[in-house]
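Asker: Got a structure for you, start.txt, holding compact mmCIF, C-alpha atoms.
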# COMPACT_ATOMS: atom_id res chain seq x y z
CA MET A 1 1.72 -47.06 -13.30
CA ALA A 2 -1.57 -46.08 -14.92
CA SER A 3 -3.79 -48.96 -15.97
CA ILE A 4 -4.39 -49.82 -19.61
CA GLU A 5 -8.08 -49.06 -19.08
CA SER A 6 -7.31 -45.53 -17.91
CA GLU A 7 -5.72 -44.68 -21.25
CA ALA A 8 -9.24 -44.19 -22.60
CA ASN A 9 -9.43 -40.85 -20.79
CA ARG A 10 -6.11 -39.66 -22.22
CA ASN A 11 -7.16 -40.81 -25.69
CA HIS A 12 -10.45 -38.96 -25.34
CA TYR A 13 -8.70 -35.66 -24.71
CA ALA A 14 -6.15 -36.30 -27.45
CA VAL A 15 -8.94 -36.90 -29.97
CA MET A 16 -10.77 -33.81 -28.75
CA ALA A 17 -7.66 -31.68 -29.20
CA ALA A 18 -6.94 -33.16 -32.62
CA ASN A 19 -10.46 -32.34 -33.78
CA ALA A 20 -10.63 -28.87 -32.25
CA ASP A 21 -10.57 -27.18 -35.66
CA LYS A 22 -13.66 -29.18 -36.67
CA LEU A 23 -15.64 -28.33 -33.54
CA THR A 24 -16.44 -24.83 -34.72
CA SER A 25 -19.99 -24.43 -33.42
CA PRO A 26 -21.54 -24.82 -29.97
CA GLN A 27 -23.68 -27.70 -31.20
CA ALA A 28 -20.66 -29.53 -32.65
CA ILE A 29 -18.96 -29.38 -29.25
CA ILE A 30 -22.11 -30.57 -27.49
CA ASP A 31 -22.54 -33.45 -29.92
CA HIS A 32 -18.90 -34.51 -29.56
CA ASN A 33 -19.22 -34.65 -25.78
CA ASP A 34 -22.55 -36.47 -25.94
CA ILE A 35 -21.02 -39.20 -28.09
CA HIS A 36 -17.44 -39.53 -26.84
CA TRP A 37 -17.37 -38.28 -23.25
CA THR A 38 -20.47 -40.19 -22.21
CA ALA A 39 -18.99 -43.42 -23.57
CA LEU A 40 -16.07 -43.35 -21.13
CA THR A 41 -18.28 -44.32 -18.18
CA GLY A 42 -19.53 -47.82 -17.49
CA GLU A 43 -23.22 -48.20 -16.79
CA PRO A 44 -23.82 -48.53 -13.04
CA HIS A 45 -26.31 -51.28 -12.41
CA GLY A 46 -29.22 -50.90 -10.03
CA VAL A 47 -29.65 -47.16 -10.55
CA ASP A 48 -32.83 -45.41 -11.68
CA TYR A 49 -32.89 -42.03 -13.46
CA ILE A 50 -35.90 -39.75 -13.14
CA GLU A 51 -35.98 -36.41 -14.92
CA VAL A 52 -37.57 -33.55 -12.98
CA ASP A 53 -38.17 -29.83 -13.20
CA ALA A 54 -36.21 -28.44 -10.25
CA GLY A 55 -37.67 -24.98 -9.87
CA GLY A 56 -37.47 -24.31 -13.59
CA VAL A 57 -34.10 -26.05 -13.95
CA PRO A 58 -33.80 -29.34 -15.87
CA ALA A 59 -32.52 -31.94 -13.43
CA MET A 60 -32.37 -35.66 -12.82
CA TRP A 61 -32.87 -37.76 -9.74
CA VAL A 62 -30.22 -40.49 -9.67
CA VAL A 63 -31.53 -43.18 -7.33
CA PRO A 64 -29.53 -46.33 -6.54
CA LYS A 65 -31.51 -49.32 -5.35
CA GLY A 66 -31.66 -49.36 -1.55
CA ALA A 67 -30.28 -45.82 -1.24
CA ASP A 68 -31.06 -43.79 1.85
CA GLU A 69 -34.03 -41.60 0.95
CA GLN A 70 -33.16 -38.69 3.26
CA ARG A 71 -29.57 -38.05 2.15
CA VAL A 72 -28.76 -36.32 -1.15
CA LEU A 73 -25.74 -35.65 -3.34
CA PHE A 74 -26.32 -32.28 -5.05
CA TYR A 75 -24.17 -32.36 -8.20
CA ALA A 76 -22.98 -29.82 -10.80
CA HIS A 77 -21.58 -31.39 -13.95
CA GLY A 78 -18.49 -30.14 -15.75
CA GLY A 79 -17.83 -29.31 -19.37
CA GLY A 80 -16.16 -25.89 -19.39
CA PHE A 81 -19.58 -24.22 -19.75
CA ILE A 82 -19.50 -25.29 -23.42
CA GLY A 83 -20.64 -28.93 -23.08
CA GLY A 84 -21.67 -31.58 -20.62
CA SER A 85 -25.17 -32.21 -19.35
CA ILE A 86 -27.22 -34.32 -16.99
CA TYR A 87 -26.99 -37.00 -19.68
CA THR A 88 -23.20 -37.03 -20.12
CA HIS A 89 -22.76 -37.25 -16.33
CA ARG A 90 -25.66 -39.42 -15.18
CA LYS A 91 -23.53 -42.60 -15.09
CA LEU A 92 -20.67 -40.95 -13.17
CA VAL A 93 -23.13 -39.59 -10.62
CA GLY A 94 -24.82 -42.99 -10.53
CA HIS A 95 -21.54 -44.64 -9.52
CA LEU A 96 -20.86 -41.98 -6.89
CA ALA A 97 -24.36 -42.05 -5.41
CA ARG A 98 -24.38 -45.85 -5.31
CA ALA A 99 -21.01 -45.92 -3.52
CA ILE A 100 -22.21 -43.37 -0.97
CA GLY A 101 -25.61 -45.02 -0.55
CA CYS A 102 -27.77 -41.95 -1.16
CA ARG A 103 -29.80 -40.46 -3.96
CA ALA A 104 -28.41 -37.62 -6.07
CA LEU A 105 -29.87 -34.56 -7.76
CA LEU A 106 -27.90 -33.80 -10.94
CA TYR A 107 -28.90 -30.44 -12.38
CA ASP A 108 -28.36 -28.64 -15.67
CA TYR A 109 -27.67 -24.96 -16.41
CA PRO A 110 -27.33 -22.73 -19.48
CA LEU A 111 -24.14 -23.14 -21.46
CA ALA A 112 -22.08 -20.04 -22.21
CA HIS A 113 -23.36 -19.64 -25.77
CA GLN A 114 -26.87 -19.46 -24.33
CA ALA A 115 -26.07 -17.07 -21.49
CA GLN A 116 -22.96 -15.92 -19.66
CA HIS A 117 -22.38 -15.72 -15.90
CA PRO A 118 -24.35 -15.38 -13.62
CA ALA A 119 -27.07 -17.37 -15.41
CA GLN A 120 -25.39 -20.67 -14.50
CA LEU A 121 -25.17 -19.78 -10.81
CA GLU A 122 -28.77 -18.60 -10.79
CA ALA A 123 -29.80 -22.01 -12.15
CA ALA A 124 -27.75 -23.75 -9.46
CA ILE A 125 -29.39 -21.66 -6.72
CA SER A 126 -32.85 -22.38 -8.15
CA ALA A 127 -32.14 -26.11 -8.11
CA TRP A 128 -30.84 -25.90 -4.53
CA ASN A 129 -33.91 -23.96 -3.40
CA TRP A 130 -36.17 -26.52 -5.02
CA LEU A 131 -34.33 -29.37 -3.29
CA VAL A 132 -34.65 -27.76 0.13
CA ASP A 133 -38.29 -26.93 -0.57
CA GLN A 134 -38.89 -30.66 -1.08
CA GLY A 135 -38.08 -31.06 2.61
CA PHE A 136 -34.45 -32.18 2.45
CA ASP A 137 -32.29 -31.05 5.37
CA PRO A 138 -29.07 -29.25 4.26
CA GLY A 139 -27.35 -31.14 7.09
CA ARG A 140 -28.00 -34.31 5.11
CA ILE A 141 -26.87 -32.95 1.74
CA VAL A 142 -23.39 -33.13 0.26
CA ILE A 143 -22.65 -30.64 -2.52
CA ALA A 144 -20.34 -31.68 -5.34
CA GLY A 145 -19.13 -31.01 -8.86
CA ASP A 146 -16.42 -31.65 -11.40
CA SER A 147 -14.31 -29.16 -13.35
CA CYS A 148 -16.40 -26.01 -13.91
CA GLY A 149 -18.94 -27.53 -11.54
CA ALA A 150 -16.60 -26.31 -8.79
CA VAL A 151 -17.47 -22.73 -9.78
CA LEU A 152 -21.16 -23.41 -9.23
CA THR A 153 -20.59 -25.46 -6.08
CA TYR A 154 -18.71 -22.66 -4.37
CA GLY A 155 -20.97 -20.04 -5.85
CA VAL A 156 -23.92 -21.73 -4.16
CA LEU A 157 -22.02 -21.92 -0.87
CA GLN A 158 -21.16 -18.22 -1.02
CA ARG A 159 -24.75 -17.23 -1.79
CA LEU A 160 -26.13 -19.40 1.03
CA ARG A 161 -23.66 -17.98 3.55
CA ALA A 162 -24.43 -14.41 2.48
CA GLN A 163 -28.13 -15.11 3.06
CA GLY A 164 -27.47 -16.67 6.46
CA ARG A 165 -28.92 -19.98 5.32
CA PRO A 166 -27.85 -23.49 6.41
CA LEU A 167 -24.97 -25.02 4.46
CA PRO A 168 -24.58 -28.60 3.24
CA VAL A 169 -22.60 -30.97 5.40
CA ALA A 170 -19.66 -31.65 3.06
CA THR A 171 -18.19 -30.89 -0.37
CA LEU A 172 -16.70 -33.17 -3.04
CA ILE A 173 -14.74 -31.73 -5.97
CA ILE A 174 -13.29 -33.51 -9.01
CA SER A 175 -10.56 -31.65 -10.96
CA GLY A 176 -11.88 -28.30 -9.83
CA TRP A 177 -11.61 -25.15 -11.95
CA PHE A 178 -10.92 -22.58 -9.26
CA ASP A 179 -8.97 -19.74 -10.89
CA MET A 180 -10.01 -17.97 -14.07
CA ALA A 181 -6.96 -15.74 -13.69
CA LEU A 182 -4.98 -18.88 -14.66
CA THR A 183 -2.12 -18.39 -12.18
CA ALA A 184 -1.33 -22.09 -11.65
CA ALA A 185 2.24 -23.14 -12.46
CA SER A 186 0.99 -26.51 -13.71
CA TYR A 187 -0.22 -24.87 -16.93
CA GLU A 188 3.46 -24.87 -17.84
CA THR A 189 4.86 -27.84 -15.90
CA ASN A 190 2.17 -30.18 -17.26
CA ARG A 191 1.87 -28.59 -20.68
CA GLU A 192 3.38 -31.61 -22.47
CA LYS A 193 1.38 -34.14 -20.42
CA ASP A 194 -2.11 -32.70 -20.88
CA PRO A 195 -3.26 -32.84 -24.52
CA ALA A 196 -6.42 -30.76 -24.09
CA PHE A 197 -6.17 -28.02 -21.49
CA ALA A 198 -3.36 -25.74 -22.59
CA ARG A 199 -3.43 -22.34 -20.92
CA GLU A 200 -4.64 -20.74 -24.15
CA ALA A 201 -7.60 -23.11 -24.34
CA VAL A 202 -8.64 -22.49 -20.73
CA ASP A 203 -8.19 -18.75 -21.25
CA TRP A 204 -10.72 -18.96 -24.10
CA LEU A 205 -13.13 -20.92 -21.91
CA ALA A 206 -12.92 -18.25 -19.21
CA ALA A 207 -13.53 -15.40 -21.66
CA ASN A 208 -16.41 -17.33 -23.21
CA PHE A 209 -18.01 -17.71 -19.78
CA ILE A 210 -17.56 -14.27 -18.21
CA GLY A 211 -16.60 -11.96 -21.08
CA ASP A 212 -14.65 -8.97 -19.79
CA ALA A 213 -15.72 -9.42 -16.15
CA ASP A 214 -13.22 -9.59 -13.30
CA ARG A 215 -11.51 -12.97 -13.40
CA ARG A 216 -10.82 -12.80 -9.66
CA ASP A 217 -14.45 -12.29 -8.74
CA PRO A 218 -14.99 -14.93 -6.02
CA GLU A 219 -18.22 -16.11 -7.63
CA VAL A 220 -16.36 -17.17 -10.78
CA SER A 221 -12.98 -17.93 -9.22
CA PRO A 222 -13.46 -19.66 -5.86
CA LEU A 223 -9.71 -19.45 -5.21
CA TYR A 224 -10.28 -15.79 -4.23
CA ALA A 225 -13.34 -16.39 -2.07
CA ASP A 226 -13.55 -16.13 1.69
CA LEU A 227 -13.75 -19.83 2.54
CA SER A 228 -14.23 -19.46 6.28
CA GLY A 229 -17.14 -21.39 7.73
CA PHE A 230 -17.54 -23.62 4.71
CA PRO A 231 -18.10 -27.39 5.07
CA PRO A 232 -15.29 -29.95 4.93
CA VAL A 233 -14.02 -30.56 1.41
CA PHE A 234 -12.44 -33.55 -0.33
CA LEU A 235 -10.72 -32.62 -3.59
CA GLN A 236 -9.38 -35.04 -6.20
CA ALA A 237 -7.24 -34.21 -9.23
CA GLY A 238 -4.98 -35.91 -11.75
CA ALA A 239 -1.25 -35.36 -11.39
CA ASP A 240 -0.83 -34.85 -15.16
CA GLU A 241 -3.59 -32.29 -15.72
CA THR A 242 -2.73 -28.65 -16.23
CA LEU A 243 -5.30 -27.60 -13.62
CA VAL A 244 -3.80 -29.70 -10.79
CA ASP A 245 -2.10 -26.77 -9.06
CA GLU A 246 -5.46 -25.00 -8.83
CA SER A 247 -6.61 -27.80 -6.54
CA ARG A 248 -3.39 -27.53 -4.54
CA MET A 249 -3.73 -23.77 -4.16
CA PHE A 250 -7.40 -24.04 -3.26
CA ALA A 251 -6.70 -26.74 -0.68
CA GLU A 252 -4.10 -24.50 0.96
CA ARG A 253 -6.51 -21.54 1.01
CA ALA A 254 -9.22 -23.74 2.53
CA ARG A 255 -6.89 -25.00 5.26
CA GLN A 256 -5.81 -21.45 6.08
CA ALA A 257 -9.49 -20.56 6.45
CA GLY A 258 -9.97 -23.36 8.97
CA VAL A 259 -11.84 -25.69 6.61
CA GLU A 260 -11.23 -29.40 7.07
CA THR A 261 -9.57 -30.29 3.77
CA ARG A 262 -8.36 -33.41 2.00
CA LEU A 263 -6.66 -33.41 -1.39
CA ASP A 264 -5.78 -36.60 -3.29
CA VAL A 265 -3.69 -36.28 -6.45
CA PHE A 266 -3.58 -39.39 -8.64
CA ASP A 267 -0.38 -40.23 -10.50
CA GLY A 268 -0.63 -40.49 -14.26
CA MET A 269 -4.22 -39.24 -14.38
CA LEU A 270 -5.74 -36.38 -16.36
CA HIS A 271 -8.71 -34.09 -15.88
CA SER A 272 -11.92 -35.67 -14.51
CA PHE A 273 -10.55 -39.21 -14.86
CA GLN A 274 -13.39 -40.36 -12.59
CA MET A 275 -15.54 -40.30 -15.73
CA MET A 276 -14.05 -43.77 -16.37
CA ALA A 277 -15.99 -45.20 -13.42
CA GLY A 278 -16.98 -48.78 -14.07
CA ARG A 279 -14.16 -49.22 -16.57
CA ALA A 280 -10.84 -48.15 -15.00
CA PRO A 281 -9.60 -49.09 -11.51
CA GLU A 282 -8.25 -45.60 -10.81
CA ALA A 283 -11.71 -44.12 -11.26
CA ASP A 284 -13.39 -46.78 -9.13
CA ASN A 285 -10.80 -46.37 -6.38
CA ALA A 286 -11.26 -42.60 -6.40
CA ILE A 287 -15.03 -42.91 -6.07
CA ALA A 288 -14.64 -45.46 -3.26
CA GLY A 289 -12.40 -42.94 -1.49
CA PHE A 290 -15.01 -40.22 -1.80
CA ALA A 291 -17.69 -42.55 -0.44
CA ALA A 292 -15.65 -43.72 2.55
CA TRP A 293 -14.86 -40.11 3.49
CA VAL A 294 -18.34 -38.66 3.09
CA ARG A 295 -20.57 -41.44 4.47
CA PRO A 296 -19.90 -40.68 8.16
CA ARG A 297 -20.42 -36.97 7.48
CA LEU A 298 -23.85 -37.81 6.11
CA GLY A 299 -24.58 -39.99 9.11
CA LEU A 300 -24.24 -43.17 7.05
CA PRO A 301 -22.27 -46.16 8.33
CA ALA A 302 -19.64 -48.10 6.45
CA ALA A 303 -20.94 -49.93 3.40
CA GLY A 304 -22.81 -53.08 4.32
CA GLU A 305 -23.91 -51.86 7.75
CA LYS A 306 -27.38 -50.63 8.67
CA THR A 307 -27.99 -47.05 9.70
CA ARG A 308 -28.91 -46.49 13.34
CA GLU A 309 -32.04 -44.65 12.23
CA LYS A 310 -33.30 -47.63 10.29
CA ALA A 311 -32.31 -50.08 13.01
CA ALA A 312 -34.10 -48.07 15.71
Here is a file; write its structure as structure tokens.
Answerer:
Amino acid sequence: MASIESEANRNHYAVMAANADKLTSPQAIIDHNDIHWTALTGEPHGVDYIEVDAGGVPAMWVVPKGADEQRVLFYAHGGGFIGGSIYTHRKLVGHLARAIGCRALLYDYPLAHQAQHPAQLEAAISAWNWLVDQGFDPGRIVIAGDSCGAVLTYGVLQRLRAQGRPLPVATLIISGWFDMALTAASYETNREKDPAFAREAVDWLAANFIGDADRRDPEVSPLYADLSGFPPVFLQAGADETLVDESRMFAERARQAGVETRLDVFDGMLHSFQMMAGRAPEADNAIAGFAAWVRPRLGLPAAGEKTREKAA
């Protein structure tokens, strides 16, 4: 049974849906997210936030106290390309980075009303290039994102592979948006459970982002990408969200491509419920699961132990 605390996420989406007719401008949507979405997340203590220019891209270093200085979480925030920012997501990324024990680079990108695809992917690539130019080893970087951040995460991976460049060591995805063709059965089976992401709403988001472009283009719909050779991936999704089958389909495609894949689906949860980190046990448990899975892939020991590098 879902916790009482977790109802805040469901209520957030219900309020958003109820007020959809009032959110008639890009700025109104941005303001709503800034106020209401940001408030879902508890403040992680012992985390510093440092804004930087990452190769022309607004970004933020998220640095937990005592974090390993050589390992990095490279994070793309969600928001359907109509909202979300480094500010709405700084606390979520703070919780995740603190649990892993590394610093994070959370980057921004143009929203769809400012520029359509591929402007967002170009920003992601610029931020990645800047990070590597700072001397960080891709073998000590985990790439991650939530919702539409999955599009950018796998867009970066495809671009890096095409250029023959080193890939990050692992991938973390929260409620990934993988298929702009909207073929998932859960748009119907979860229609009554998910108050915000009806198929019609997601269809509008896709058109807003790519216009009349091919919805099965692998750079906008990772479900149709060649996933071979990509790093291990851990996906999380809520059982009640309409996008859940996109994660299931993507996980199956990844396994078929030989990618080490884990998918956890959380009963009673909706889209990006991890935004309730620090307030709801389901979110905290999910983040702890991510951390336990990714720490050894980053060469970090279990929480509380010292790294061999530091002990040497």
Asker: Any idea what's packed within 12 Å of Leu160 of chain A, counting all atoms listed in the file, ignoring anything in its chain fewer than 5 positions away? Could you give it as a ChimeraX atom specification?
Answerer: /A:121,124-126,128-129,132,138,153-155,165-168,229-230
Asker: Using only C-alpha atoms, determine which residues lie at most 12 Å from Gly289 of chain A, disregarding the query and same-chain residues fewer than 5 positions distant; provide the list as a list in words.
Answerer: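 Returned residues: Leu96, Ala99, Ile100, Leu172, Phe234, Leu235, Gln236, Arg262, Leu263, Asp264, Phe266, Gln274, Glu282, Ala283, Asp284, Val294, Arg295 and Ala302 of chain A.
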Asker: Could you please determine the separation between atom CA of Thr242 of chain A and atom CA of Tyr187 of chain A in Å, to one decimal place?
Answerer: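 Interatomic distance here is 4.6 Å.
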Asker: Which is closer to Ala207 of chain A than all the others in A:Phe290, A:Tyr13, A:Tyr49, A:Phe81, using all atoms listed in the file?
Answerer: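 Residue with the minimum atom-to-atom distance to Ala207 of chain A: A:Phe81.
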Asker: Using Å and a single decimal, report how far atom CA of Gly211 of chain A sits from atom CA of Trp177 of chain A.
Answerer: 16.8 Å
Asker: Counting only C-alpha atoms, which residues in segment 206-264 of chain A sit no more than 9 Å from segment 192-201 of chain A? For each one, give the nearest pair of atoms and the distance in Å, sorted by chain then residue number, as a tab-separated table.
Answerer:
residue	atom	partner	partner_atom	distance
A:Ala206	CA	A:Ala201	CA	8.8
A:Asp240	CA	A:Lys193	CA	5.7
A:Glu241	CA	A:Asp194	CA	5.4
A:Thr242	CA	A:Asp194	CA	6.2
A:Leu243	CA	A:Phe197	CA	7.9
Asker: Taking (-2.2, -23.3, -5.7) in the coordinates of the supplied file, I want to know which residues reach to within 10 Å of it, counting all atoms listed in the file; could you give the answer as a list in words?
Answerer: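 Final list of nearby residues, as requested, is Phe178, Asp179, Thr183, Ala184, Ala185, Ser186, Leu223, Leu243, Val244, Asp245, Glu246, Ser247, Arg248, Met249, Phe250, Ala251, Glu252 and Arg253 of chain A.
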Asker: When distances are computed from all atoms listed in the file, which of A:Met180, A:Ala119, A:Leu105, A:Leu92 shows the smallest separation from Met275 of chain A?
Answerer: A:Leu92
Asker: Fewer than 6 positions away in the same chain doesn't count, so skip those; otherwise give me all residues within 12 Å of Ile210 of chain A, counting only C-alpha atoms, as JSON, numbers by chain.
Answerer: {"A": [80, 81, 111, 112, 113, 115, 116, 117, 118, 119, 120, 121, 151, 180, 181, 203, 204, 216, 217, 219, 220, 221]}
Asker: Can you work out the spacing between atom CA of Asp226 of chain A and atom CA of Ala257 of chain A in Å, to one decimal?
Answerer: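 Pair atom CA of Asp226 of chain A / atom CA of Ala257 of chain A returns 7.7 Å.
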Asker: Between A:Arg71, A:His77, A:Arg10, A:His32, which is the closest to Ala150 of chain A once you count only C-alpha atoms?
Answerer: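 Looking only at the distances to Ala150 of chain A, the closest residue turns out to be A:His77.
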Asker: Compare A:Ala76, A:Glu43, A:Ala104, A:Phe209 by their minimum atom-to-atom distance to Leu152 of chain A, counting all atoms listed in the file, and give me the closest one.
Answerer: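 The closest residue to Leu152 of chain A is A:Ala76.
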Asker: Which polymer residues have any atom within 7 Å of an atom of Gly139 of chain A, counting only C-alpha atoms, with same-chain residues fewer than 2 positions away left out, as a list in words?
Answerer: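 The neighbour list is Asp137, Ile141, Pro168 and Val169 of chain A.
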Asker: Mind listing whatever residues come within 12 Å of the point (-5.4, -47.7, -19.5)? Use all atoms listed in the file, file coordinates, and give them as a PyMOL selection string.
Answerer: chain A and resi 1-12+40+268-270+273+276+279-283
Asker: Restricting the calculation to only C-alpha atoms: of A:Val233, A:Val63, A:Leu205, A:Met16, which residue gets closest to Ala144 of chain A?
Answerer: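 Among the listed residues, A:Val233 lies closest to Ala144 of chain A.
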Asker: Near segment 84-88 of chain A, within 10 Å and counting only C-alpha atoms, which residues show up once chain neighbours fewer than 3 positions away are dropped, as an mmCIF file with C-alpha atoms, in the frame of the given file?
Answerer:
data_model
loop_
_atom_site.group_PDB
_atom_site.id
_atom_site.type_symbol
_atom_site.label_atom_id
_atom_site.label_comp_id
_atom_site.auth_asym_id
_atom_site.auth_seq_id
_atom_site.Cartn_x
_atom_site.Cartn_y
_atom_site.Cartn_z
ATOM 1 C CA ILE A 29 -18.960 -29.380 -29.250
ATOM 2 C CA ILE A 30 -22.110 -30.570 -27.490
ATOM 3 C CA ASP A 31 -22.540 -33.450 -29.920
ATOM 4 C CA HIS A 32 -18.900 -34.510 -29.560
ATOM 5 C CA ASN A 33 -19.220 -34.650 -25.780
ATOM 6 C CA ASP A 34 -22.550 -36.470 -25.940
ATOM 7 C CA ILE A 35 -21.020 -39.200 -28.090
ATOM 8 C CA HIS A 36 -17.440 -39.530 -26.840
ATOM 9 C CA TRP A 37 -17.370 -38.280 -23.250
ATOM 10 C CA THR A 38 -20.470 -40.190 -22.210
ATOM 11 C CA ALA A 39 -18.990 -43.420 -23.570
ATOM 12 C CA LEU A 40 -16.070 -43.350 -21.130
ATOM 13 C CA THR A 41 -18.280 -44.320 -18.180
ATOM 14 C CA TYR A 49 -32.890 -42.030 -13.460
ATOM 15 C CA GLU A 51 -35.980 -36.410 -14.920
ATOM 16 C CA PRO A 58 -33.800 -29.340 -15.870
ATOM 17 C CA ALA A 59 -32.520 -31.940 -13.430
ATOM 18 C CA MET A 60 -32.370 -35.660 -12.820
ATOM 19 C CA TRP A 61 -32.870 -37.760 -9.740
ATOM 20 C CA TYR A 75 -24.170 -32.360 -8.200
ATOM 21 C CA ALA A 76 -22.980 -29.820 -10.800
ATOM 22 C CA HIS A 77 -21.580 -31.390 -13.950
ATOM 23 C CA GLY A 78 -18.490 -30.140 -15.750
ATOM 24 C CA GLY A 79 -17.830 -29.310 -19.370
ATOM 25 C CA GLY A 80 -16.160 -25.890 -19.390
ATOM 26 C CA PHE A 81 -19.580 -24.220 -19.750
ATOM 27 C CA LYS A 91 -23.530 -42.600 -15.090
ATOM 28 C CA LEU A 92 -20.670 -40.950 -13.170
ATOM 29 C CA VAL A 93 -23.130 -39.590 -10.620
ATOM 30 C CA LEU A 105 -29.870 -34.560 -7.760
ATOM 31 C CA LEU A 106 -27.900 -33.800 -10.940
ATOM 32 C CA TYR A 107 -28.900 -30.440 -12.380
ATOM 33 C CA ASP A 108 -28.360 -28.640 -15.670
ATOM 34 C CA TYR A 109 -27.670 -24.960 -16.410
ATOM 35 C CA PRO A 110 -27.330 -22.730 -19.480
ATOM 36 C CA LEU A 111 -24.140 -23.140 -21.460
ATOM 37 C CA MET A 275 -15.540 -40.300 -15.730
#
Asker: Write out N, CA, C and O atoms for segment 83-97 of chain A, as a short mmCIF file (atom, residue, chain, number, x, y, z; two decimals), keeping the file's coordinate frame.
Answerer:
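As a result, rebuild-v5.cif now contains:
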data_model
loop_
_atom_site.label_atom_id
_atom_site.label_comp_id
_atom_site.auth_asym_id
_atom_site.auth_seq_id
_atom_site.Cartn_x
_atom_site.Cartn_y
_atom_site.Cartn_z
N GLY A 83 -20.11 -27.59 -22.85
CA GLY A 83 -20.64 -28.93 -23.08
C GLY A 83 -20.96 -29.59 -21.75
O GLY A 83 -20.88 -28.98 -20.69
N GLY A 84 -21.27 -30.88 -21.82
CA GLY A 84 -21.67 -31.58 -20.62
C GLY A 84 -23.13 -31.34 -20.33
O GLY A 84 -23.71 -30.31 -20.71
N SER A 85 -23.74 -32.31 -19.66
CA SER A 85 -25.17 -32.21 -19.35
C SER A 85 -25.52 -33.25 -18.29
O SER A 85 -24.67 -34.04 -17.87
N ILE A 86 -26.77 -33.27 -17.91
CA ILE A 86 -27.22 -34.32 -16.99
C ILE A 86 -27.13 -35.69 -17.65
O ILE A 86 -27.07 -36.71 -16.96
N TYR A 87 -27.06 -35.72 -18.97
CA TYR A 87 -26.99 -37.00 -19.68
C TYR A 87 -25.55 -37.49 -19.80
O TYR A 87 -25.29 -38.69 -19.66
N THR A 88 -24.60 -36.60 -20.06
CA THR A 88 -23.20 -37.03 -20.12
C THR A 88 -22.71 -37.53 -18.75
O THR A 88 -21.84 -38.39 -18.68
N HIS A 89 -23.28 -36.98 -17.67
CA HIS A 89 -22.76 -37.25 -16.33
C HIS A 89 -23.64 -38.17 -15.48
O HIS A 89 -23.29 -38.47 -14.35
N ARG A 90 -24.75 -38.63 -16.01
CA ARG A 90 -25.66 -39.42 -15.18
C ARG A 90 -24.99 -40.70 -14.67
O ARG A 90 -25.21 -41.10 -13.53
N LYS A 91 -24.16 -41.35 -15.52
CA LYS A 91 -23.53 -42.60 -15.09
C LYS A 91 -22.47 -42.35 -14.02
O LYS A 91 -22.36 -43.11 -13.05
N LEU A 92 -21.65 -41.30 -14.20
CA LEU A 92 -20.67 -40.95 -13.17
C LEU A 92 -21.36 -40.71 -11.84
O LEU A 92 -20.96 -41.24 -10.79
N VAL A 93 -22.41 -39.90 -11.86
CA VAL A 93 -23.13 -39.59 -10.62
C VAL A 93 -23.81 -40.84 -10.08
O VAL A 93 -23.91 -41.03 -8.86
N GLY A 94 -24.25 -41.72 -10.97
CA GLY A 94 -24.82 -42.99 -10.53
C GLY A 94 -23.81 -43.82 -9.75
O GLY A 94 -24.13 -44.40 -8.70
N HIS A 95 -22.59 -43.90 -10.24
CA HIS A 95 -21.54 -44.64 -9.52
C HIS A 95 -21.27 -44.00 -8.16
O HIS A 95 -21.11 -44.70 -7.15
N LEU A 96 -21.18 -42.68 -8.13
CA LEU A 96 -20.86 -41.98 -6.89
C LEU A 96 -21.99 -42.12 -5.87
O LEU A 96 -21.75 -42.42 -4.69
N ALA A 97 -23.22 -41.93 -6.33
CA ALA A 97 -24.36 -42.05 -5.41
C ALA A 97 -24.50 -43.48 -4.89
O ALA A 97 -24.80 -43.69 -3.71
#
